[in-house]
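As C-alpha cells, the structure follows; a few thoughts come after it.
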Amino acid sequence: MQATNKHIAIEAVRKTGKHFLNEFRKSNIPQTPDSLMKALSDIETECLEILKGHIDPIFGNIPWAEDDEFDKTSQKTPASHESYWLCDTMDGAIQYLQHIPGWTINLVLIKQGEPVFSVIYDPLTDECFHAEQNKGAYLNDTRISPSEKISPQNMVAVLEYGHQLQYSDNWKKDFSASLIHLTENFGIVRNYGPHGLQLAYIGAGRIDLFVQRDLDTHNWLAGMLIAKEAGAKMLSADGENWKWGHENLIAGTHSALDIYFQTQKNTSCISQ
C-alpha cells in the first residue's frame, strides 16, 4: 500500500473513533434487551457509514464484507472477493454503551484470504496501532515488539470467549479447563475487553499470552496482523500455525507459547 493511502486509512479510523469519543457517555445506558440490540445496530451502521465516507473516495474499487460475528460460516472462510475491507465497527460496543472504557475501532484489508493491512484505534488513550504485511507493526508511528519475559510468574495471560462459545458441545469443559490451565501456570490471568486490542497489546509487549477456545475470526484479524508483524506467533489449540478455519487461537510470545503448550501436556483436563 502506498504511504499516502495508508495514512488516509489510518486517519479514517482515527476520525471515526474521535467522532464516537465526542458522544461517549452522553446517551442513556440501554435498560432492555431490545434497546441494547437497537443501540448496537445503530452504532454499527453509523460507524460503517463514517468509515466508508473517508475510505471509499480513495479506495472505491475495494468492496466491504459484512462483519457478522454470529455467522459461523463467514467466520471460517474468507469472503469471495480478491480484496476487501472488513470492519469490526466497534470492538467493545457493549462497553461503549455501558459508559465504561474498553472499545476500539478496527479495520483490516484482506487480500487473497490474508490480512495485509490493519488499524486498531483506542480513542480514550489516543493510541493507534497499525501493521502492514512484511513491514512491521507500529503504535503511533513507533515500531513495537513483544515482551522478552522468560518466567511465567510475571507473564500476563488473557482468556477470551466470543459469541460462538456456547455453540460448541464441549464449551463448558474447554473454557473451565483453559481457566484452570492458565491460573495454575501463569502468574497473572486477566481479560481486558476488546479482542483485537489485546492482540495488539501482545505486539506492544503489554500482554504475553492470548487464549480463546472458540471461533472469533473477525474479531481477531486486525490484532493478529499487528501482533504477528511485531514478532509474536499465532497458533491453533493443537499448536499448528493459525489459518482461516481454525476455531480457536493461542497467540503470544515465543516463551509464553512454549510454556503454555508444555504445561498443557501435564493438564489432563484440557480437551484436544
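Chain labels run A, B, ... following the order of the C-alpha cells; each chain numbers its residues from 1, and ligands are numbered from 1 in the order shown.
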
* Taking the chain letters and numbering used in this document, name the residues of region 72-209 of chain A that DSSP puts in helix (DSSP H, G or I), as a PyMOL selection string. => chain A and resi 72-76+93-97+152-154+165-167+171-185+195-203

Using only C-alpha atoms, find each residue in region 6-62 of chain A having at least one atom no more than 10 Å away from region 115-136 of chain A; report its shortest atom-to-atom pair and that distance in Å (one decimal), rows by chain then rising number, as JSON lines.
{"residue": "A:Lys6", "atom": "CA", "partner": "A:Phe117", "partner_atom": "CA", "distance": 8.6}
{"residue": "A:Ala9", "atom": "CA", "partner": "A:Val119", "partner_atom": "CA", "distance": 8.1}
{"residue": "A:Ile10", "atom": "CA", "partner": "A:Val119", "partner_atom": "CA", "distance": 6.4}
{"residue": "A:Glu11", "atom": "CA", "partner": "A:Cys128", "partner_atom": "CA", "distance": 9.6}
{"residue": "A:Ala12", "atom": "CA", "partner": "A:Val119", "partner_atom": "CA", "distance": 9.8}
{"residue": "A:Val13", "atom": "CA", "partner": "A:Tyr121", "partner_atom": "CA", "distance": 6.7}
{"residue": "A:Arg14", "atom": "CA", "partner": "A:Tyr121", "partner_atom": "CA", "distance": 6.2}
{"residue": "A:Lys15", "atom": "CA", "partner": "A:Pro123", "partner_atom": "CA", "distance": 9.3}
{"residue": "A:Thr16", "atom": "CA", "partner": "A:Pro123", "partner_atom": "CA", "distance": 9.2}
{"residue": "A:Gly17", "atom": "CA", "partner": "A:Pro123", "partner_atom": "CA", "distance": 5.5}
{"residue": "A:Lys18", "atom": "CA", "partner": "A:Pro123", "partner_atom": "CA", "distance": 6.0}
{"residue": "A:His19", "atom": "CA", "partner": "A:Pro123", "partner_atom": "CA", "distance": 9.2}
{"residue": "A:Phe20", "atom": "CA", "partner": "A:Pro123", "partner_atom": "CA", "distance": 8.3}
{"residue": "A:Leu21", "atom": "CA", "partner": "A:Pro123", "partner_atom": "CA", "distance": 6.3}
{"residue": "A:Asn22", "atom": "CA", "partner": "A:Pro123", "partner_atom": "CA", "distance": 9.7}
{"residue": "A:Phe24", "atom": "CA", "partner": "A:Leu124", "partner_atom": "CA", "distance": 9.7}

Residues of region 97-221 of chain A classed as strand (DSSP E) by DSSP on the backbone are to be reported as a short mmCIF file (atom, residue, chain, number, x, y, z; two decimals) with all heavy atoms, in the first residue's frame.
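Result file selection.cif:
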data_model
loop_
_atom_site.label_atom_id
_atom_site.label_comp_id
_atom_site.auth_asym_id
_atom_site.auth_seq_id
_atom_site.Cartn_x
_atom_site.Cartn_y
_atom_site.Cartn_z
N THR A 104 -12.82 0.01 20.77
CA THR A 104 -11.90 0.46 19.72
C THR A 104 -12.60 0.43 18.36
O THR A 104 -13.64 -0.20 18.20
CB THR A 104 -10.66 -0.46 19.64
OG1 THR A 104 -11.07 -1.79 19.30
CG2 THR A 104 -9.89 -0.47 20.95
N ILE A 105 -11.98 1.09 17.40
CA ILE A 105 -12.40 1.00 16.00
C ILE A 105 -11.33 0.19 15.27
O ILE A 105 -10.14 0.53 15.32
CB ILE A 105 -12.54 2.39 15.35
CG1 ILE A 105 -13.43 3.30 16.21
CG2 ILE A 105 -13.10 2.25 13.93
CD1 ILE A 105 -14.84 2.82 16.39
N ASN A 106 -11.73 -0.89 14.61
CA ASN A 106 -10.80 -1.80 13.94
C ASN A 106 -11.10 -1.87 12.45
O ASN A 106 -12.26 -1.94 12.05
CB ASN A 106 -10.91 -3.22 14.51
CG ASN A 106 -10.59 -3.29 15.99
OD1 ASN A 106 -10.28 -2.29 16.63
ND2 ASN A 106 -10.68 -4.48 16.55
N LEU A 107 -10.05 -1.91 11.66
CA LEU A 107 -10.20 -2.03 10.20
C LEU A 107 -9.10 -2.94 9.68
O LEU A 107 -7.93 -2.81 10.09
CB LEU A 107 -10.11 -0.66 9.54
CG LEU A 107 -10.24 -0.62 8.01
CD1 LEU A 107 -11.66 -1.01 7.58
CD2 LEU A 107 -9.90 0.76 7.47
N VAL A 108 -9.45 -3.85 8.79
CA VAL A 108 -8.44 -4.74 8.21
C VAL A 108 -8.71 -4.90 6.72
O VAL A 108 -9.86 -4.97 6.29
CB VAL A 108 -8.41 -6.11 8.93
CG1 VAL A 108 -9.75 -6.82 8.84
CG2 VAL A 108 -7.30 -7.00 8.39
N LEU A 109 -7.64 -4.92 5.94
CA LEU A 109 -7.72 -5.16 4.50
C LEU A 109 -7.28 -6.60 4.23
O LEU A 109 -6.18 -7.01 4.63
CB LEU A 109 -6.82 -4.19 3.74
CG LEU A 109 -6.75 -4.35 2.21
CD1 LEU A 109 -8.12 -4.10 1.57
CD2 LEU A 109 -5.71 -3.39 1.61
N ILE A 110 -8.14 -7.35 3.56
CA ILE A 110 -7.86 -8.75 3.23
C ILE A 110 -7.56 -8.86 1.74
O ILE A 110 -8.29 -8.31 0.91
CB ILE A 110 -9.07 -9.65 3.56
CG1 ILE A 110 -9.55 -9.43 5.00
CG2 ILE A 110 -8.74 -11.12 3.31
CD1 ILE A 110 -8.59 -9.86 6.05
N LYS A 111 -6.48 -9.55 1.41
CA LYS A 111 -6.14 -9.84 0.01
C LYS A 111 -5.87 -11.33 -0.13
O LYS A 111 -5.05 -11.88 0.61
CB LYS A 111 -4.91 -9.04 -0.45
CG LYS A 111 -5.19 -7.57 -0.70
CD LYS A 111 -3.98 -6.90 -1.36
CE LYS A 111 -4.28 -5.45 -1.71
NZ LYS A 111 -3.13 -4.79 -2.37
N GLU A 114 -5.84 -13.28 3.06
CA GLU A 114 -4.87 -12.98 4.11
C GLU A 114 -4.97 -11.51 4.52
O GLU A 114 -5.09 -10.63 3.66
CB GLU A 114 -3.44 -13.27 3.63
CG GLU A 114 -3.16 -14.73 3.33
CD GLU A 114 -3.14 -15.58 4.57
OE1 GLU A 114 -2.84 -15.05 5.66
OE2 GLU A 114 -3.43 -16.78 4.46
N PRO A 115 -4.92 -11.22 5.83
CA PRO A 115 -4.86 -9.81 6.24
C PRO A 115 -3.53 -9.19 5.84
O PRO A 115 -2.47 -9.76 6.15
CB PRO A 115 -5.01 -9.89 7.77
CG PRO A 115 -4.58 -11.27 8.14
CD PRO A 115 -4.90 -12.15 6.97
N VAL A 116 -3.57 -8.05 5.17
CA VAL A 116 -2.33 -7.43 4.69
C VAL A 116 -2.13 -6.03 5.27
O VAL A 116 -1.03 -5.47 5.18
CB VAL A 116 -2.31 -7.36 3.15
CG1 VAL A 116 -2.30 -8.76 2.55
CG2 VAL A 116 -3.47 -6.54 2.60
N PHE A 117 -3.16 -5.46 5.86
CA PHE A 117 -3.05 -4.13 6.47
C PHE A 117 -4.15 -4.01 7.52
O PHE A 117 -5.29 -4.42 7.28
CB PHE A 117 -3.21 -3.04 5.42
CG PHE A 117 -3.30 -1.64 6.00
CD1 PHE A 117 -2.17 -1.01 6.50
CD2 PHE A 117 -4.51 -0.98 6.05
CE1 PHE A 117 -2.26 0.26 7.05
CE2 PHE A 117 -4.61 0.30 6.60
CZ PHE A 117 -3.47 0.91 7.09
N SER A 118 -3.82 -3.49 8.68
CA SER A 118 -4.85 -3.33 9.71
C SER A 118 -4.56 -2.13 10.60
O SER A 118 -3.41 -1.71 10.75
CB SER A 118 -4.98 -4.60 10.56
OG SER A 118 -3.85 -4.79 11.39
N VAL A 119 -5.64 -1.62 11.18
CA VAL A 119 -5.57 -0.49 12.11
C VAL A 119 -6.49 -0.77 13.29
O VAL A 119 -7.61 -1.25 13.12
CB VAL A 119 -6.03 0.83 11.43
CG1 VAL A 119 -5.80 2.01 12.38
CG2 VAL A 119 -5.33 1.06 10.11
N ILE A 120 -6.01 -0.48 14.49
CA ILE A 120 -6.83 -0.52 15.70
C ILE A 120 -6.60 0.79 16.44
O ILE A 120 -5.47 1.12 16.80
CB ILE A 120 -6.46 -1.71 16.60
CG1 ILE A 120 -6.78 -3.04 15.91
CG2 ILE A 120 -7.20 -1.62 17.94
CD1 ILE A 120 -6.37 -4.26 16.71
N TYR A 121 -7.70 1.52 16.67
CA TYR A 121 -7.59 2.81 17.34
C TYR A 121 -8.38 2.81 18.63
O TYR A 121 -9.56 2.48 18.64
CB TYR A 121 -8.09 3.93 16.43
CG TYR A 121 -8.02 5.31 17.05
CD1 TYR A 121 -6.83 5.79 17.60
CD2 TYR A 121 -9.14 6.12 17.11
CE1 TYR A 121 -6.76 7.04 18.19
CE2 TYR A 121 -9.08 7.39 17.69
CZ TYR A 121 -7.89 7.84 18.23
OH TYR A 121 -7.83 9.09 18.81
N ASP A 122 -7.72 3.19 19.72
CA ASP A 122 -8.33 3.34 21.03
C ASP A 122 -8.51 4.84 21.30
O ASP A 122 -7.54 5.52 21.68
CB ASP A 122 -7.46 2.70 22.09
CG ASP A 122 -8.06 2.78 23.49
OD1 ASP A 122 -9.05 3.51 23.67
OD2 ASP A 122 -7.52 2.14 24.42
N GLU A 127 -4.34 5.98 21.26
CA GLU A 127 -3.31 5.05 20.77
C GLU A 127 -3.81 4.39 19.49
O GLU A 127 -4.90 3.81 19.47
CB GLU A 127 -2.98 4.00 21.82
CG GLU A 127 -2.23 4.58 23.01
CD GLU A 127 -1.73 3.50 23.96
OE1 GLU A 127 -2.37 2.44 24.07
OE2 GLU A 127 -0.68 3.72 24.60
N CYS A 128 -3.00 4.46 18.46
CA CYS A 128 -3.36 3.89 17.17
C CYS A 128 -2.31 2.87 16.75
O CYS A 128 -1.14 3.22 16.52
CB CYS A 128 -3.47 4.99 16.12
SG CYS A 128 -4.17 4.43 14.54
N PHE A 129 -2.71 1.61 16.69
CA PHE A 129 -1.84 0.53 16.24
C PHE A 129 -2.11 0.29 14.75
O PHE A 129 -3.26 0.32 14.31
CB PHE A 129 -2.14 -0.76 16.99
CG PHE A 129 -1.87 -0.70 18.47
CD1 PHE A 129 -2.82 -0.21 19.34
CD2 PHE A 129 -0.66 -1.16 18.99
CE1 PHE A 129 -2.60 -0.16 20.71
CE2 PHE A 129 -0.42 -1.12 20.36
CZ PHE A 129 -1.38 -0.62 21.22
N HIS A 130 -1.05 0.02 14.01
CA HIS A 130 -1.26 -0.40 12.62
C HIS A 130 -0.13 -1.32 12.19
O HIS A 130 0.97 -1.31 12.77
CB HIS A 130 -1.40 0.78 11.67
CG HIS A 130 -0.11 1.42 11.27
ND1 HIS A 130 0.47 2.46 11.99
CD2 HIS A 130 0.73 1.18 10.22
CE1 HIS A 130 1.60 2.82 11.41
NE2 HIS A 130 1.78 2.07 10.33
N ALA A 131 -0.41 -2.12 11.17
CA ALA A 131 0.59 -3.04 10.64
C ALA A 131 0.31 -3.27 9.17
O ALA A 131 -0.84 -3.21 8.72
CB ALA A 131 0.59 -4.36 11.39
N GLU A 132 1.38 -3.54 8.44
CA GLU A 132 1.28 -3.93 7.04
C GLU A 132 2.12 -5.18 6.84
O GLU A 132 3.21 -5.30 7.42
CB GLU A 132 1.76 -2.81 6.13
CG GLU A 132 1.48 -3.05 4.66
CD GLU A 132 1.78 -1.84 3.79
OE1 GLU A 132 2.22 -0.80 4.33
OE2 GLU A 132 1.58 -1.94 2.56
N ALA A 137 5.01 -3.64 12.73
CA ALA A 137 3.84 -3.11 13.42
C ALA A 137 4.22 -1.88 14.21
O ALA A 137 5.35 -1.76 14.72
CB ALA A 137 3.26 -4.17 14.36
N TYR A 138 3.26 -0.96 14.35
CA TYR A 138 3.56 0.35 14.93
C TYR A 138 2.47 0.80 15.88
O TYR A 138 1.29 0.50 15.70
CB TYR A 138 3.72 1.39 13.81
CG TYR A 138 4.88 1.10 12.89
CD1 TYR A 138 4.74 0.19 11.84
CD2 TYR A 138 6.12 1.71 13.09
CE1 TYR A 138 5.81 -0.10 11.01
CE2 TYR A 138 7.19 1.43 12.26
CZ TYR A 138 7.03 0.53 11.22
OH TYR A 138 8.09 0.23 10.40
N LEU A 139 2.88 1.56 16.89
CA LEU A 139 1.97 2.25 17.79
C LEU A 139 2.27 3.74 17.67
O LEU A 139 3.37 4.19 18.03
CB LEU A 139 2.16 1.78 19.23
CG LEU A 139 1.49 2.63 20.33
CD1 LEU A 139 0.00 2.78 20.08
CD2 LEU A 139 1.75 2.04 21.70
N THR A 142 5.58 4.53 16.14
CA THR A 142 6.78 3.95 16.75
C THR A 142 6.70 2.44 16.64
O THR A 142 5.69 1.83 17.04
CB THR A 142 6.89 4.36 18.23
OG1 THR A 142 7.02 5.78 18.32
CG2 THR A 142 8.12 3.71 18.87
N ARG A 143 7.75 1.82 16.12
CA ARG A 143 7.72 0.37 15.91
C ARG A 143 7.64 -0.34 17.26
O ARG A 143 8.26 0.07 18.24
CB ARG A 143 8.95 -0.08 15.14
CG ARG A 143 8.86 -1.51 14.63
CD ARG A 143 9.69 -1.75 13.42
NE ARG A 143 9.45 -3.07 12.85
CZ ARG A 143 9.88 -3.44 11.65
NH1 ARG A 143 10.55 -2.60 10.89
NH2 ARG A 143 9.62 -4.65 11.20
N VAL A 156 1.64 -12.01 31.73
CA VAL A 156 0.22 -11.69 31.74
C VAL A 156 -0.47 -12.50 30.65
O VAL A 156 -0.16 -12.35 29.46
CB VAL A 156 -0.01 -10.19 31.50
CG1 VAL A 156 -1.51 -9.88 31.45
CG2 VAL A 156 0.68 -9.35 32.59
N ALA A 157 -1.38 -13.35 31.05
CA ALA A 157 -2.17 -14.16 30.11
C ALA A 157 -3.62 -13.69 30.14
O ALA A 157 -4.14 -13.34 31.20
CB ALA A 157 -2.09 -15.64 30.48
N VAL A 158 -4.26 -13.67 28.98
CA VAL A 158 -5.68 -13.31 28.93
C VAL A 158 -6.48 -14.48 28.36
O VAL A 158 -6.03 -15.18 27.46
CB VAL A 158 -5.92 -12.03 28.09
CG1 VAL A 158 -5.25 -10.84 28.73
CG2 VAL A 158 -5.46 -12.20 26.66
N LEU A 159 -7.65 -14.67 28.93
CA LEU A 159 -8.57 -15.72 28.48
C LEU A 159 -9.82 -15.06 27.92
O LEU A 159 -10.49 -14.31 28.62
CB LEU A 159 -8.93 -16.65 29.63
CG LEU A 159 -9.93 -17.77 29.32
CD1 LEU A 159 -9.40 -18.69 28.24
CD2 LEU A 159 -10.26 -18.56 30.59
N GLU A 160 -10.12 -15.33 26.67
CA GLU A 160 -11.24 -14.68 25.99
C GLU A 160 -12.29 -15.71 25.57
O GLU A 160 -12.05 -16.91 25.54
CB GLU A 160 -10.75 -13.93 24.74
CG GLU A 160 -10.52 -12.45 24.95
CD GLU A 160 -11.78 -11.68 25.27
OE1 GLU A 160 -12.89 -12.26 25.21
OE2 GLU A 160 -11.68 -10.48 25.58
N ILE A 188 -0.28 -14.09 36.18
CA ILE A 188 -1.35 -13.09 36.09
C ILE A 188 -2.30 -13.49 34.97
O ILE A 188 -1.88 -13.65 33.82
CB ILE A 188 -0.77 -11.69 35.80
CG1 ILE A 188 0.30 -11.33 36.84
CG2 ILE A 188 -1.87 -10.65 35.77
CD1 ILE A 188 1.25 -10.24 36.38
N VAL A 189 -3.57 -13.67 35.29
CA VAL A 189 -4.58 -14.04 34.30
C VAL A 189 -5.68 -12.98 34.34
O VAL A 189 -6.26 -12.72 35.40
CB VAL A 189 -5.17 -15.43 34.57
CG1 VAL A 189 -6.22 -15.78 33.52
CG2 VAL A 189 -4.06 -16.48 34.59
N ARG A 190 -5.97 -12.38 33.20
CA ARG A 190 -6.92 -11.28 33.13
C ARG A 190 -7.75 -11.38 31.85
O ARG A 190 -7.57 -12.26 31.03
CB ARG A 190 -6.19 -9.93 33.15
CG ARG A 190 -5.40 -9.63 34.40
CD ARG A 190 -6.30 -9.31 35.58
NE ARG A 190 -5.54 -8.86 36.74
CZ ARG A 190 -5.03 -9.65 37.67
NH1 ARG A 190 -5.18 -10.96 37.56
NH2 ARG A 190 -4.36 -9.13 38.70
N LEU A 209 0.29 -13.59 26.54
CA LEU A 209 -0.41 -14.75 26.00
C LEU A 209 -1.90 -14.45 25.87
O LEU A 209 -2.50 -13.87 26.78
CB LEU A 209 -0.20 -15.96 26.92
CG LEU A 209 -0.84 -17.28 26.47
CD1 LEU A 209 -0.13 -17.83 25.24
CD2 LEU A 209 -0.79 -18.30 27.61
N PHE A 210 -2.47 -14.85 24.76
CA PHE A 210 -3.91 -14.70 24.48
C PHE A 210 -4.46 -16.08 24.17
O PHE A 210 -3.96 -16.77 23.30
CB PHE A 210 -4.11 -13.76 23.29
CG PHE A 210 -5.53 -13.61 22.81
CD1 PHE A 210 -6.27 -12.49 23.16
CD2 PHE A 210 -6.13 -14.56 21.99
CE1 PHE A 210 -7.59 -12.33 22.71
CE2 PHE A 210 -7.43 -14.42 21.54
CZ PHE A 210 -8.16 -13.29 21.90
N VAL A 211 -5.53 -16.47 24.88
CA VAL A 211 -6.13 -17.79 24.69
C VAL A 211 -7.63 -17.62 24.44
O VAL A 211 -8.33 -17.01 25.25
CB VAL A 211 -5.90 -18.70 25.91
CG1 VAL A 211 -6.64 -20.02 25.73
CG2 VAL A 211 -4.41 -18.94 26.13
N GLN A 212 -8.11 -18.16 23.33
CA GLN A 212 -9.54 -18.21 23.07
C GLN A 212 -9.84 -19.53 22.40
O GLN A 212 -9.30 -19.85 21.34
CB GLN A 212 -10.01 -17.04 22.20
CG GLN A 212 -11.53 -17.03 22.04
CD GLN A 212 -12.06 -15.73 21.45
OE1 GLN A 212 -11.34 -14.75 21.29
NE2 GLN A 212 -13.34 -15.72 21.12
#

* Skip Gly205 (chain A) itself and residues of its chain fewer than 3 positions away, then list as an MDAnalysis selection string all residues within 8 Å of it, counting only C-alpha atoms. => chainID A and resid 144:148 201:202 208

Those selected residues, please, written with N, CA and C atoms and delivered as a short mmCIF file (atom, residue, chain, number, x, y, z; two decimals), in the first residue's frame.
data_model
loop_
_atom_site.label_atom_id
_atom_site.label_comp_id
_atom_site.auth_asym_id
_atom_site.auth_seq_id
_atom_site.Cartn_x
_atom_site.Cartn_y
_atom_site.Cartn_z
N ILE A 144 6.88 -1.43 17.29
CA ILE A 144 6.67 -2.16 18.54
C ILE A 144 7.23 -3.58 18.42
N SER A 145 7.43 -4.20 19.59
CA SER A 145 7.91 -5.59 19.64
C SER A 145 7.36 -6.24 20.91
N PRO A 146 7.26 -7.57 20.90
CA PRO A 146 6.68 -8.27 22.06
C PRO A 146 7.61 -8.27 23.27
N SER A 147 7.05 -8.71 24.38
CA SER A 147 7.79 -8.87 25.63
C SER A 147 8.92 -9.88 25.47
N GLU A 148 9.94 -9.73 26.32
CA GLU A 148 11.05 -10.69 26.35
C GLU A 148 11.07 -11.47 27.66
N TYR A 201 -1.83 -5.57 22.01
CA TYR A 201 -1.03 -5.42 23.22
C TYR A 201 0.06 -6.49 23.31
N ILE A 202 -0.18 -7.66 22.75
CA ILE A 202 0.89 -8.66 22.68
C ILE A 202 2.03 -8.11 21.83
N ASP A 208 1.34 -11.11 27.32
CA ASP A 208 2.25 -12.16 26.87
C ASP A 208 1.54 -13.32 26.16
#

* **All residues 8 Å or closer to region 41-49 of chain A, only C-alpha atoms, same chain fewer than 4 positions away omitted, as an MDAnalysis selection string** => chainID A and resid 16 37 53 87 89:90 93
